[in-house]
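Enquirer: Structure: start34.txt, compact mmCIF, C-alpha atoms.
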# COMPACT_ATOMS: atom_id res chain seq x y z
CA MET L 1 -32.13 137.15 80.39
CA PHE L 2 -33.13 140.26 78.45
CA ILE L 3 -31.63 142.52 81.11
CA ALA L 4 -28.41 140.57 81.04
CA PHE L 5 -28.25 141.00 77.27
CA LEU L 6 -28.74 144.76 77.58
CA ALA L 7 -26.00 145.01 80.15
CA ILE L 8 -23.56 143.29 77.83
CA ALA L 9 -24.68 145.17 74.71
CA SER L 10 -24.16 148.66 76.10
CA ALA L 11 -21.29 149.15 78.50
CA PRO L 12 -22.24 152.01 80.81
CA ASN L 13 -20.63 155.37 80.15
CA HIS L 14 -18.16 156.75 82.68
CA CYS L 15 -20.07 160.02 82.70
CA VAL L 16 -23.84 160.53 82.67
CA ALA L 17 -25.54 163.79 81.74
CA ASP L 18 -28.97 165.27 82.36
CA LEU L 19 -30.71 168.60 81.79
CA LYS L 20 -32.49 170.90 84.25
CA MET L 21 -34.13 174.23 83.57
CA GLU L 22 -34.98 177.52 85.25
CA PRO L 23 -37.48 179.11 85.64
CA ALA L 24 -39.98 176.31 86.05
CA ARG L 25 -42.01 177.54 83.08
CA ILE L 26 -40.82 179.50 80.09
CA VAL L 27 -42.28 182.92 79.41
CA PRO L 28 -42.51 184.07 75.74
CA GLY L 29 -39.66 186.46 74.87
CA LYS L 30 -37.86 185.97 78.21
CA PRO L 31 -34.55 184.09 78.26
CA PHE L 32 -34.27 181.00 80.41
CA TRP L 33 -31.37 178.84 81.56
CA ILE L 34 -30.70 175.17 81.00
CA ALA L 35 -28.21 173.34 83.17
CA THR L 36 -26.36 170.44 81.57
CA ARG L 37 -25.07 168.33 84.42
CA PHE L 38 -22.24 165.87 83.81
CA ARG L 39 -21.86 163.30 86.58
CA ILE L 40 -18.47 161.69 86.26
CA GLN L 41 -17.47 158.31 87.66
CA LYS L 42 -14.99 158.41 90.54
CA GLY L 43 -11.40 158.34 89.32
CA TRP L 44 -12.36 159.53 85.83
CA HIS L 45 -12.35 163.00 84.29
CA ILE L 46 -13.70 164.81 81.23
CA TYR L 47 -12.26 167.94 79.60
CA TRP L 48 -12.84 171.69 79.50
CA LEU L 49 -13.18 173.84 76.34
CA ASN L 50 -9.38 173.83 76.19
CA PRO L 51 -8.38 170.32 77.27
CA GLY L 52 -4.80 171.44 77.96
CA ASP L 53 -1.79 169.24 77.19
CA SER L 54 -3.99 166.28 76.25
CA GLY L 55 -7.63 165.33 75.88
CA LEU L 56 -10.59 166.41 73.79
CA ALA L 57 -12.97 169.26 74.53
CA THR L 58 -16.42 168.24 75.78
CA ARG L 59 -19.01 169.27 73.20
CA ILE L 60 -22.66 170.22 73.51
CA ASP L 61 -24.65 170.59 70.29
CA TRP L 62 -28.12 172.05 70.82
CA ASN L 63 -31.11 171.13 68.79
CA LEU L 64 -33.71 173.79 69.63
CA PRO L 65 -37.26 174.27 68.37
CA LYS L 66 -37.08 176.50 65.25
CA THR L 67 -38.26 179.69 66.91
CA PHE L 68 -35.85 179.43 69.88
CA SER L 69 -32.35 180.91 69.82
CA PHE L 70 -29.12 180.15 71.65
CA LEU L 71 -27.77 183.14 73.60
CA GLU L 72 -24.71 182.03 75.56
CA GLN L 73 -23.04 179.13 77.33
CA ARG L 74 -21.03 179.32 80.53
CA TRP L 75 -18.68 176.61 81.72
CA PRO L 76 -17.61 176.09 85.33
CA PRO L 77 -13.92 176.70 86.14
CA PRO L 78 -11.80 173.70 85.18
CA LYS L 79 -9.17 172.12 87.38
CA GLU L 80 -5.63 171.09 86.58
CA ILE L 81 -5.38 167.34 86.12
CA ALA L 82 -1.68 166.56 86.23
CA SER L 83 0.03 163.26 85.57
CA ALA L 84 3.72 162.67 84.87
CA GLY L 85 4.32 166.29 83.90
CA ILE L 86 1.31 166.48 81.55
CA VAL L 87 -1.27 169.03 82.64
CA SER L 88 -4.79 168.73 81.31
CA TYR L 89 -7.81 170.91 82.08
CA GLY L 90 -11.04 169.25 83.02
CA TYR L 91 -13.62 168.13 85.50
CA GLU L 92 -13.95 165.38 88.08
CA ASN L 93 -17.09 164.28 89.97
CA VAL L 94 -19.57 166.79 88.58
CA ALA L 95 -19.65 169.71 86.14
CA VAL L 96 -22.66 171.88 85.38
CA VAL L 97 -22.68 173.97 82.20
CA LEU L 98 -25.28 176.75 81.93
CA THR L 99 -26.86 177.67 78.62
CA LYS L 100 -29.07 180.71 78.07
CA ILE L 101 -31.84 180.28 75.52
CA MET L 102 -34.36 182.79 74.17
CA PRO L 103 -37.89 181.55 73.42
CA PRO L 104 -40.01 183.31 70.78
CA LYS L 105 -42.04 186.40 71.75
CA SER L 106 -45.20 184.73 70.51
CA GLY L 107 -46.32 181.46 69.05
CA LEU L 108 -44.74 179.29 71.73
CA PRO L 109 -45.10 175.64 70.63
CA SER L 110 -47.37 173.65 72.95
CA HIS L 111 -44.71 171.00 73.67
CA PRO L 112 -41.31 172.52 72.94
CA ILE L 113 -38.55 169.96 73.28
CA ILE L 114 -34.89 170.80 73.34
CA ILE L 115 -32.25 168.19 72.66
CA ALA L 116 -28.57 168.32 73.53
CA LYS L 117 -26.19 165.99 71.74
CA LEU L 118 -23.18 165.57 73.96
CA ASN L 119 -19.84 163.95 73.42
CA TRP L 120 -16.75 163.83 75.57
CA MET L 121 -13.61 161.86 76.13
CA ALA L 122 -13.54 160.34 79.61
CA CYS L 123 -10.15 159.29 80.94
CA GLU L 124 -8.83 157.44 83.92
CA GLN L 125 -5.60 155.83 82.71
CA THR L 126 -7.56 154.52 79.79
CA CYS L 127 -9.57 156.96 77.69
CA VAL L 128 -12.92 156.36 76.02
CA ILE L 129 -15.03 158.53 73.75
CA GLU L 130 -18.64 158.61 74.86
CA GLN L 131 -21.84 160.15 73.54
CA GLN L 132 -25.23 160.86 75.00
CA SER L 133 -28.33 162.58 73.73
CA VAL L 134 -30.50 164.26 76.37
CA SER L 135 -33.80 166.06 75.95
CA LEU L 136 -36.11 168.23 77.99
CA ASN L 137 -39.79 168.91 77.42
CA LEU L 138 -40.04 172.61 78.29
CA SER L 139 -43.80 172.46 78.87
CA ARG L 140 -43.47 170.06 81.78
CA GLY L 141 -42.89 172.77 84.34
CA HIS L 142 -40.71 172.63 87.40
CA LEU L 143 -38.38 169.70 87.63
CA GLU L 144 -37.28 168.42 90.99
CA GLY L 145 -34.06 170.02 92.22
CA SER L 146 -33.68 172.41 89.28
CA ARG L 147 -33.61 175.61 91.29
CA SER L 148 -30.94 174.51 93.75
CA LEU L 149 -28.83 172.96 90.98
CA LEU L 150 -28.93 176.11 88.87
CA ALA L 151 -28.27 178.33 91.90
CA SER L 152 -25.18 176.38 92.90
CA ALA L 153 -23.99 176.20 89.28
CA ARG L 154 -24.34 179.97 88.98
CA ALA L 155 -22.47 180.50 92.24
CA ALA L 156 -19.61 178.32 90.96
CA LEU L 157 -19.13 180.32 87.73
CA PRO L 158 -16.09 182.60 87.44
CA ALA L 159 -16.77 186.17 88.56
CA ASP L 160 -16.64 189.09 86.13
CA GLY L 161 -12.90 189.66 85.61
CA ARG L 162 -13.38 193.32 84.67
CA LEU L 163 -13.62 193.98 88.40
CA ILE L 164 -9.92 193.21 88.80
CA GLU L 165 -8.86 195.36 85.80
CA PRO L 166 -6.84 192.77 83.87
CA ILE L 167 -4.05 193.88 81.51
CA ALA L 168 -2.31 191.33 79.27
CA GLN L 169 1.11 191.99 77.82
CA GLU L 170 3.14 189.83 75.46
CA GLN L 171 6.84 189.33 76.18
CA ALA L 172 9.40 187.24 74.29
CA ASP L 173 8.62 183.89 75.88
CA HIS L 174 5.72 184.60 78.20
CA PHE L 175 2.63 186.72 78.78
CA VAL L 176 2.21 188.97 81.78
CA LEU L 177 -1.31 189.14 83.12
CA SER L 178 -1.62 191.92 85.65
CA PHE L 179 -4.66 192.50 87.83
CA ARG L 180 -5.74 194.48 90.88
CA LEU L 181 -6.39 192.50 94.06
CA ASN L 182 -5.87 193.11 97.74
CA GLY L 183 -4.25 189.80 98.47
CA ALA L 184 -3.39 186.55 96.72
CA ARG L 185 -1.14 183.66 97.65
CA SER L 186 -0.98 181.97 94.29
CA ALA L 187 -2.69 182.14 90.91
CA TYR L 188 -3.03 180.08 87.76
CA PHE L 189 -4.45 181.17 84.42
CA PHE L 190 -6.45 178.65 82.38
CA CYS L 191 -6.29 179.95 78.82
CA GLN L 192 -9.45 179.07 76.89
CA ASP L 193 -7.66 178.88 73.53
CA ARG L 194 -5.32 176.02 72.73
CA GLY L 195 -1.74 176.59 71.68
CA VAL L 196 -1.38 179.96 73.41
CA VAL L 197 0.06 179.15 76.83
CA GLU L 198 1.97 176.07 78.01
CA PRO L 199 -0.37 174.27 80.46
CA SER L 200 2.52 172.59 82.30
CA GLY L 201 4.61 175.78 82.44
CA GLN L 202 5.30 177.34 85.86
CA GLN L 203 3.24 180.50 86.28
CA ALA L 204 4.94 182.95 88.63
CA LEU L 205 2.98 185.49 90.69
CA LYS L 206 4.55 188.72 91.89
CA ARG L 207 3.07 191.67 93.77
CA ILE L 208 3.72 195.13 92.38
CA GLY L 209 2.09 197.90 94.41
CA GLY L 210 -1.65 197.37 94.46
CA ARG L 211 -1.51 194.95 91.54
CA PHE L 212 -0.28 191.43 90.90
CA GLU L 213 1.60 190.22 87.86
CA LEU L 214 1.32 186.63 86.69
CA ALA L 215 4.01 185.48 84.25
CA ILE L 216 2.52 182.79 82.00
CA PRO L 217 4.86 180.80 79.71
CA LYS L 218 3.83 180.82 76.05
CA ALA L 219 3.12 177.53 74.29
CA ARG L 220 5.83 176.56 71.84
CA ALA L 221 2.97 176.29 69.33
CA TYR L 222 2.06 179.95 69.90
CA GLN L 223 1.74 181.91 66.69
CA PRO L 224 2.19 185.64 67.35
CA LYS L 225 -0.98 187.42 66.43
CA SER L 226 -2.99 190.25 67.84
CA GLY L 227 -5.76 188.96 69.99
CA ASN L 228 -7.03 188.47 73.47
CA LEU L 229 -6.02 186.46 76.45
CA THR L 230 -9.29 184.77 77.34
CA GLY L 231 -9.85 182.27 80.08
CA VAL L 232 -10.23 181.75 83.79
CA LEU L 233 -7.90 183.10 86.45
CA SER L 234 -7.85 180.94 89.55
CA VAL L 235 -6.67 182.83 92.64
CA GLU L 236 -5.85 181.27 95.98
CA TYR L 237 -6.20 183.56 98.98
CA ASP L 238 -5.30 182.98 102.60
CA ARG L 239 -7.09 180.20 104.51
CA ASN L 240 -7.24 178.12 101.29
CA ILE L 241 -10.03 180.23 99.83
CA ARG L 242 -10.12 180.07 96.05
CA LYS L 243 -11.90 182.37 93.64
CA TYR L 244 -12.21 182.33 89.87
CA TRP L 245 -12.32 185.30 87.52
CA ALA L 246 -13.39 185.27 83.85
CA ILE L 247 -10.65 187.12 81.98
CA HIS L 248 -10.86 188.70 78.55
CA ALA L 249 -7.96 191.08 78.00
CA ARG L 250 -6.53 192.46 74.77
CA ILE L 251 -2.90 191.38 74.37
CA GLN L 252 -0.59 194.39 74.27
CA SER L 253 2.77 193.78 72.70
CA LYS L 254 5.86 195.52 74.04
CA ASN L 255 7.25 195.65 70.51
CA ARG L 256 4.20 197.23 68.93
CA MET U 257 30.49 189.32 85.55
CA THR U 258 30.17 185.85 84.02
CA ILE U 259 26.62 185.75 85.28
CA LEU U 260 25.86 189.08 83.63
CA ILE U 261 27.20 187.89 80.28
CA ALA U 262 25.24 184.65 80.55
CA ALA U 263 22.09 186.62 81.32
CA ALA U 264 22.67 188.89 78.34
CA ILE U 265 23.13 185.88 76.04
CA ALA U 266 20.00 184.22 77.44
CA ALA U 267 18.00 187.40 76.88
CA ASN U 268 19.26 187.53 73.29
CA CYS U 269 18.38 183.91 72.68
CA THR U 270 14.82 184.25 73.88
CA ALA U 271 14.38 187.20 71.51
CA LEU U 272 15.14 185.00 68.48
CA PRO U 273 12.20 184.30 66.18
CA GLN U 274 10.38 181.06 66.98
CA ASN U 275 10.86 179.58 63.51
CA ASP U 276 14.63 179.14 63.79
CA VAL U 277 16.21 175.78 62.99
CA ARG U 278 15.92 173.27 65.79
CA MET U 279 17.84 170.02 65.74
CA ALA U 280 15.79 166.93 66.53
CA PRO U 281 16.89 165.36 69.84
CA SER U 282 18.99 162.25 69.32
CA PHE U 283 17.73 158.83 70.37
CA SER U 284 18.73 155.21 70.22
CA LEU U 285 15.84 152.84 70.90
CA GLN U 286 14.91 149.19 70.62
CA ALA U 287 12.58 148.46 67.74
CA ALA U 288 9.92 145.79 67.21
CA SER U 289 12.05 144.40 64.37
CA GLY U 290 14.74 143.52 66.93
CA LYS U 291 17.11 146.25 65.73
CA THR U 292 18.35 149.23 67.72
CA ILE U 293 17.51 152.36 65.78
CA ALA U 294 19.38 155.62 66.37
CA LEU U 295 18.40 158.90 64.75
CA SER U 296 22.06 159.39 63.78
CA ASP U 297 21.85 156.21 61.64
CA LEU U 298 19.05 157.79 59.60
CA LYS U 299 20.97 160.87 58.42
CA GLY U 300 20.24 161.57 54.77
CA LYS U 301 16.60 160.52 55.05
CA TYR U 302 13.42 162.22 56.11
CA VAL U 303 12.00 160.64 59.27
CA VAL U 304 8.50 160.78 60.73
CA LEU U 305 8.00 159.95 64.41
CA GLU U 306 4.43 159.04 65.33
CA TRP U 307 3.64 158.78 69.05
CA TRP U 308 1.37 155.76 69.22
CA ASN U 309 -0.86 154.23 71.88
CA ASN U 310 -2.89 151.27 70.68
CA GLY U 311 -5.62 151.79 73.32
CA CYS U 312 -6.17 155.50 72.74
CA PRO U 313 -9.51 156.17 71.02
CA VAL U 314 -8.10 159.21 69.18
CA VAL U 315 -5.30 157.06 67.75
CA GLY U 316 -8.02 154.47 67.03
CA LYS U 317 -10.02 157.06 65.09
CA HIS U 318 -7.05 157.78 62.82
CA TYR U 319 -6.34 154.06 62.25
CA ARG U 320 -9.93 152.81 61.85
CA SER U 321 -10.67 155.57 59.36
CA GLY U 322 -7.56 154.54 57.41
CA ASN U 323 -6.04 158.01 57.86
CA ILE U 324 -2.75 157.07 59.54
CA PRO U 325 -2.25 153.85 57.53
CA ALA U 326 -2.69 155.92 54.32
CA LEU U 327 -0.20 158.54 55.55
CA GLN U 328 2.29 155.81 56.46
CA LYS U 329 1.98 154.33 52.96
CA GLU U 330 2.16 157.73 51.25
CA PHE U 331 5.26 158.84 53.17
CA LYS U 332 7.07 155.49 52.88
CA GLU U 333 6.53 155.70 49.11
CA LYS U 334 8.32 159.05 49.20
CA GLY U 335 11.28 157.31 50.83
CA VAL U 336 10.48 158.60 54.32
CA ILE U 337 11.28 156.41 57.34
CA TRP U 338 8.10 156.19 59.45
CA LEU U 339 8.71 155.20 63.06
CA SER U 340 5.75 154.66 65.36
CA ILE U 341 6.93 155.13 68.93
CA THR U 342 5.36 154.19 72.23
CA SER U 343 6.41 155.97 75.41
CA SER U 344 4.04 154.18 77.82
CA ALA U 345 5.98 153.05 80.90
CA PRO U 346 5.91 149.34 81.86
CA GLY U 347 2.63 148.65 83.68
CA LYS U 348 0.96 151.74 82.25
CA GLN U 349 -1.84 151.79 79.71
CA GLY U 350 -0.56 151.36 76.16
CA TYR U 351 2.68 149.60 77.12
CA VAL U 352 3.54 146.93 74.58
CA THR U 353 6.34 144.45 74.32
CA ALA U 354 8.37 143.72 71.21
CA GLN U 355 6.54 140.39 70.98
CA ASN U 356 3.05 141.80 70.63
CA ALA U 357 3.63 145.26 69.14
CA ASN U 358 3.81 144.05 65.54
CA ASP U 359 0.65 141.95 65.95
CA ILE U 360 -1.28 144.87 67.45
CA MET U 361 -0.07 147.25 64.74
CA ALA U 362 -1.06 144.76 62.04
CA ARG U 363 -4.52 144.36 63.59
CA MET U 364 -4.89 148.14 63.53
CA GLY U 365 -4.03 148.15 59.83
CA GLY U 366 -0.81 150.13 60.31
CA HIS U 367 2.43 149.57 58.44
CA PRO U 368 5.17 151.85 59.79
CA THR U 369 8.79 151.20 58.86
CA ASP U 370 9.26 150.05 62.47
CA ILE U 371 7.90 150.49 66.01
CA LEU U 372 10.19 151.98 68.67
CA PHE U 373 10.00 151.41 72.42
CA ASP U 374 10.66 154.30 74.77
CA PRO U 375 9.76 152.76 78.15
CA THR U 376 11.75 155.34 80.14
CA GLY U 377 9.94 158.15 78.31
CA ALA U 378 13.25 159.98 77.79
CA THR U 379 12.76 160.32 74.04
CA GLY U 380 9.12 161.35 74.39
CA ARG U 381 10.04 164.03 76.91
CA ALA U 382 12.95 165.26 74.78
CA TYR U 383 10.50 165.87 71.92
CA GLY U 384 7.88 167.39 74.22
CA ALA U 385 5.44 164.62 73.30
CA LYS U 386 2.30 165.06 75.40
CA ALA U 387 -0.51 163.29 73.58
CA THR U 388 -1.19 160.48 71.14
CA PRO U 389 -1.15 160.85 68.23
CA GLN U 390 1.69 163.39 67.96
CA LEU U 391 3.74 163.64 64.79
CA VAL U 392 7.29 164.89 64.17
CA LEU U 393 8.94 165.44 60.78
CA ILE U 394 12.75 165.39 60.73
CA SER U 395 14.88 166.52 57.76
CA PRO U 396 17.76 164.50 56.27
CA LYS U 397 20.11 166.86 58.18
CA GLY U 398 18.40 166.03 61.48
CA GLU U 399 16.42 169.27 61.80
CA MET U 400 13.01 169.13 63.45
CA LEU U 401 10.73 170.57 60.78
CA TYR U 402 7.36 169.92 62.39
CA ASN U 403 6.18 168.73 65.80
CA GLY U 404 2.55 168.58 66.90
CA ALA U 405 -0.96 167.49 66.06
CA ILE U 406 -1.83 165.30 63.10
CA ASP U 407 -4.43 167.80 61.88
CA ASP U 408 -6.46 170.84 62.79
CA ASN U 409 -9.64 168.98 63.70
CA GLU U 410 -9.86 168.11 67.36
CA ASN U 411 -12.87 165.93 66.93
CA ALA U 412 -13.68 162.51 68.35
CA PHE U 413 -15.12 161.08 65.15
CA GLY U 414 -13.57 159.81 61.94
CA GLU U 415 -15.97 161.75 59.67
CA ALA U 416 -14.15 164.95 60.69
CA ILE U 417 -10.91 163.84 58.99
CA LEU U 418 -12.26 164.73 55.52
CA LYS U 419 -12.74 168.32 56.66
CA SER U 420 -9.34 168.52 58.33
CA GLN U 421 -6.07 170.05 57.28
CA ASN U 422 -3.30 167.50 57.76
CA TYR U 423 -0.33 169.30 59.32
CA LEU U 424 2.29 166.67 58.39
CA ARG U 425 1.31 166.79 54.72
CA ARG U 426 1.25 170.56 54.78
CA ALA U 427 4.76 170.74 56.27
CA TRP U 428 6.00 168.22 53.70
CA ASN U 429 4.45 170.13 50.79
CA GLU U 430 5.96 173.40 51.99
CA ILE U 431 9.44 171.84 52.21
CA GLN U 432 9.09 170.24 48.79
CA SER U 433 8.20 173.57 47.24
CA GLY U 434 11.29 175.15 48.76
CA LYS U 435 9.47 177.04 51.50
CA LYS U 436 9.99 177.15 55.23
CA VAL U 437 7.47 175.22 57.31
CA SER U 438 4.97 177.95 58.15
CA ILE U 439 3.73 176.33 61.37
CA PRO U 440 6.55 174.24 62.89
CA PHE U 441 4.70 173.54 66.16
CA THR U 442 1.09 172.88 67.00
CA GLN U 443 -0.47 171.41 70.11
CA ALA U 444 -1.30 167.72 69.74
CA TYR U 445 -4.73 166.47 70.82
CA GLY U 446 -5.57 163.02 72.10
CA CYS U 447 -4.75 160.84 75.08
CA SER U 448 -2.00 161.85 77.48
CA ILE U 449 1.22 159.91 77.08
CA LYS U 450 1.45 157.43 79.93
CA TYR U 451 5.01 158.19 81.09
For this file, write the structure as structure tokens.

Expert:
Amino acid sequence: MFIAFLAIASAPNHCVADLKMEPARIVPGKPFWIATRFRIQKGWHIYWLNPGDSGLATRIDWNLPKTFSFLEQRWPPPKEIASAGIVSYGYENVAVVLTKIMPPKSGLPSHPIIIAKLNWMACEQTCVIEQQSVSLNLSRGHLEGSRSLLASARAALPADGRLIEPIAQEQADHFVLSFRLNGARSAYFFCQDRGVVEPSGQQALKRIGGRFELAIPKARAYQPKSGNLTGVLSVEYDRNIRKYWAIHARIQSKNR
Amino acid sequence: MTILIAAAIAANCTALPQNDVRMAPSFSLQAASGKTIALSDLKGKYVVLEWWNNGCPVVGKHYRSGNIPALQKEFKEKGVIWLSITSSAPGKQGYVTAQNANDIMARMGGHPTDILFDPTGATGRAYGAKATPQLVLISPKGEMLYNGAIDDNENAFGEAILKSQNYLRRAWNEIQSGKKVSIPFTQAYGCSIKY
């Protein structure tokens, strides 16, 4: 009876999150990583930092013990979720976000607890806004499966884009992102900032000598300003191999 | 030769500044009131188009908080025609019939001038509508003055509205003080339109 009531009172979320950490125990003054794993119901998706044509960005708000500090957060590469000409950026099945945290050099609390307040919009055809609060007691030591989860999450992150020497140039109605690669069949640039590129625009790849040039249509909402083209370049190679590069390139204007 | 000239014209056109006058695409759609409403019939009046989906939680946030109903009231009092428009295809989420659209809108606390039905999605696509809510402001001459998000706060919760800059109101205030709309396009946030 009580269980039945609970089931009615709280409809289950379409995405469930949990936290894992590495290393198993924190060492004073040495950064450690927390994995926030989002497990998404089949047929549903949640959104990246830039949700694309539609959606809402998934948010993680950290509540750390006072003496701990947030260092960085790294998101896995998103995928294009296209429907009727609308292209959104997000995740299906599972997404693991890695967060680097610095503990204090001394005076480590005996039971440090970190809390992540999460919210996301999950969509199938219908969309719902969901929230979850997850916590981790950092003194508990190794948690089952943490190491393999963090290792695979790290392996899935975009590679350092500086290795492919990206150059971004602004043209009248598109950007040109050029990069050095030996071979690529197709490419797509996921811009991290909204209102810069048109997610549903056709991005055209062309080989020029030892480099490739990707023409990326500007968003009609684009406001010309000096800045950077920041995001993830997805490159498809032969034999359906795909690799992701984290791009951060200063936009050079032809007119400047 | 013709091709060369065409290419030269196209190159010139793309070099034009982005803020140039754009005419709002024409439409003629069935309304919940039973009328057929065409944009050409509304010449001489400011018009707001609000892409609406009654099941979208982001639309819900702006109705439950009273934000969109207050905007509808405020703009109608200025003499603006406020048309909520649904582009969900039949069978898709958010599709409503003329019979139940008024009831649903009333339950949500909204009071637009009318509700338009765009089941083919042709009008939504012509305006580049991608998400709900998406707002468009059209001048009495039929120029598209603003097209995009309702505000600058892409947040799931109603509390954020107080800290937001409303883009429709900003565009309106700029026009009323004789200025050009400084940001004519933004990217809407919310649920994808179910074309």

Enquirer: Show me the residues close to (1.4, 185.3, 100.5) - anything with an atom within 12 Å, counting only C-alpha atoms - and format the list as number ranges by chain.

Expert: L: 182-187, 205-207, 212, 235-240

Enquirer: Taking 6 positions as the minimum chain separation for residues in the same chain, which residues sit within 10 Å of L:Lys100 when counting only C-alpha atoms? Answer as a list in words.

Expert: Met21, Glu22, Pro31, Phe32, Trp33, Ile34, Ala35, Ser69, Phe70, Leu71, Glu72, Gln73 and Arg74 of chain L

Enquirer: Work out how far apart atom CA of U:Arg426 and atom CA of U:Thr369 are and give it in Å to one decimal.

Expert: 21.2 Å

Enquirer: Work out how far apart atom CA of L:Ala221 and atom CA of L:Val196 are and give it in Å to one decimal.

Expert: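 Distance reported for this atom pair: 7.0 Å.
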
Enquirer: Considering all atoms listed in the file, extract the chain U residues located within 7 Å of chain L and return them as a ChimeraX atom specification.

Expert: /U:270-271,312-313,349,386-387,410,412,441-443,445-448,451

Enquirer: Filtering to C-alpha atoms, could you give me those residues as an mmCIF file, in the coordinates of the input?

Expert:
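The new file out_22.cif reads:
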data_model
loop_
_atom_site.group_PDB
_atom_site.id
_atom_site.type_symbol
_atom_site.label_atom_id
_atom_site.label_comp_id
_atom_site.auth_asym_id
_atom_site.auth_seq_id
_atom_site.Cartn_x
_atom_site.Cartn_y
_atom_site.Cartn_z
ATOM 1 C CA THR U 270 14.820 184.250 73.880
ATOM 2 C CA ALA U 271 14.380 187.200 71.510
ATOM 3 C CA CYS U 312 -6.170 155.500 72.740
ATOM 4 C CA PRO U 313 -9.510 156.170 71.020
ATOM 5 C CA GLN U 349 -1.840 151.790 79.710
ATOM 6 C CA LYS U 386 2.300 165.060 75.400
ATOM 7 C CA ALA U 387 -0.510 163.290 73.580
ATOM 8 C CA GLU U 410 -9.860 168.110 67.360
ATOM 9 C CA ALA U 412 -13.680 162.510 68.350
ATOM 10 C CA PHE U 441 4.700 173.540 66.160
ATOM 11 C CA THR U 442 1.090 172.880 67.000
ATOM 12 C CA GLN U 443 -0.470 171.410 70.110
ATOM 13 C CA TYR U 445 -4.730 166.470 70.820
ATOM 14 C CA GLY U 446 -5.570 163.020 72.100
ATOM 15 C CA CYS U 447 -4.750 160.840 75.080
ATOM 16 C CA SER U 448 -2.000 161.850 77.480
ATOM 17 C CA TYR U 451 5.010 158.190 81.090
#

Enquirer: Record the distance separating atom CA of L:Ala153 and atom CA of L:Arg37, expressed in Å with one decimal.

Expert: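 Between atom CA of L:Ala153 and atom CA of L:Arg37 the gap is 9.3 Å.
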
Enquirer: Tell me which protein, DNA and RNA residues are within 9 Å of L:Asp160, counting all atoms listed in the file, leaving out same-chain ones fewer than 4 positions away, and put them as a ChimeraX atom specification.

Expert: /L:164,244-247

Enquirer: Regenerate stretch 187-198 of chain L at the level of N, CA and C atoms and dump it as an mmCIF file, in the frame of the given file.

Expert:
data_model
loop_
_atom_site.group_PDB
_atom_site.id
_atom_site.type_symbol
_atom_site.label_atom_id
_atom_site.label_comp_id
_atom_site.auth_asym_id
_atom_site.auth_seq_id
_atom_site.Cartn_x
_atom_site.Cartn_y
_atom_site.Cartn_z
ATOM 1 N N ALA L 187 -1.706 181.989 91.995
ATOM 2 C CA ALA L 187 -2.690 182.140 90.910
ATOM 3 C C ALA L 187 -2.280 181.253 89.747
ATOM 4 N N TYR L 188 -3.273 180.874 88.967
ATOM 5 C CA TYR L 188 -3.030 180.080 87.760
ATOM 6 C C TYR L 188 -4.040 180.523 86.715
ATOM 7 N N PHE L 189 -3.558 180.750 85.493
ATOM 8 C CA PHE L 189 -4.450 181.170 84.420
ATOM 9 C C PHE L 189 -4.730 180.007 83.477
ATOM 10 N N PHE L 190 -6.013 179.668 83.343
ATOM 11 C CA PHE L 190 -6.450 178.650 82.380
ATOM 12 C C PHE L 190 -6.825 179.376 81.094
ATOM 13 N N CYS L 191 -5.990 179.271 80.085
ATOM 14 C CA CYS L 191 -6.290 179.950 78.820
ATOM 15 C C CYS L 191 -7.341 179.120 78.073
ATOM 16 N N GLN L 192 -8.352 179.799 77.554
ATOM 17 C CA GLN L 192 -9.450 179.070 76.890
ATOM 18 C C GLN L 192 -9.048 178.585 75.498
ATOM 19 N N ASP L 193 -8.082 179.263 74.879
ATOM 20 C CA ASP L 193 -7.660 178.880 73.530
ATOM 21 C C ASP L 193 -6.454 177.957 73.608
ATOM 22 N N ARG L 194 -6.448 176.968 72.750
ATOM 23 C CA ARG L 194 -5.320 176.020 72.730
ATOM 24 C C ARG L 194 -4.121 176.654 72.043
ATOM 25 N N GLY L 195 -2.944 176.165 72.383
ATOM 26 C CA GLY L 195 -1.740 176.590 71.680
ATOM 27 C C GLY L 195 -1.316 178.013 71.971
ATOM 28 N N VAL L 196 -1.770 178.592 73.052
ATOM 29 C CA VAL L 196 -1.380 179.960 73.410
ATOM 30 C C VAL L 196 -0.435 179.933 74.615
ATOM 31 N N VAL L 197 -0.837 179.256 75.674
ATOM 32 C CA VAL L 197 0.060 179.150 76.830
ATOM 33 C C VAL L 197 0.389 177.666 77.066
ATOM 34 N N GLU L 198 1.490 177.437 77.753
ATOM 35 C CA GLU L 198 1.970 176.070 78.010
ATOM 36 C C GLU L 198 1.294 175.602 79.317
#
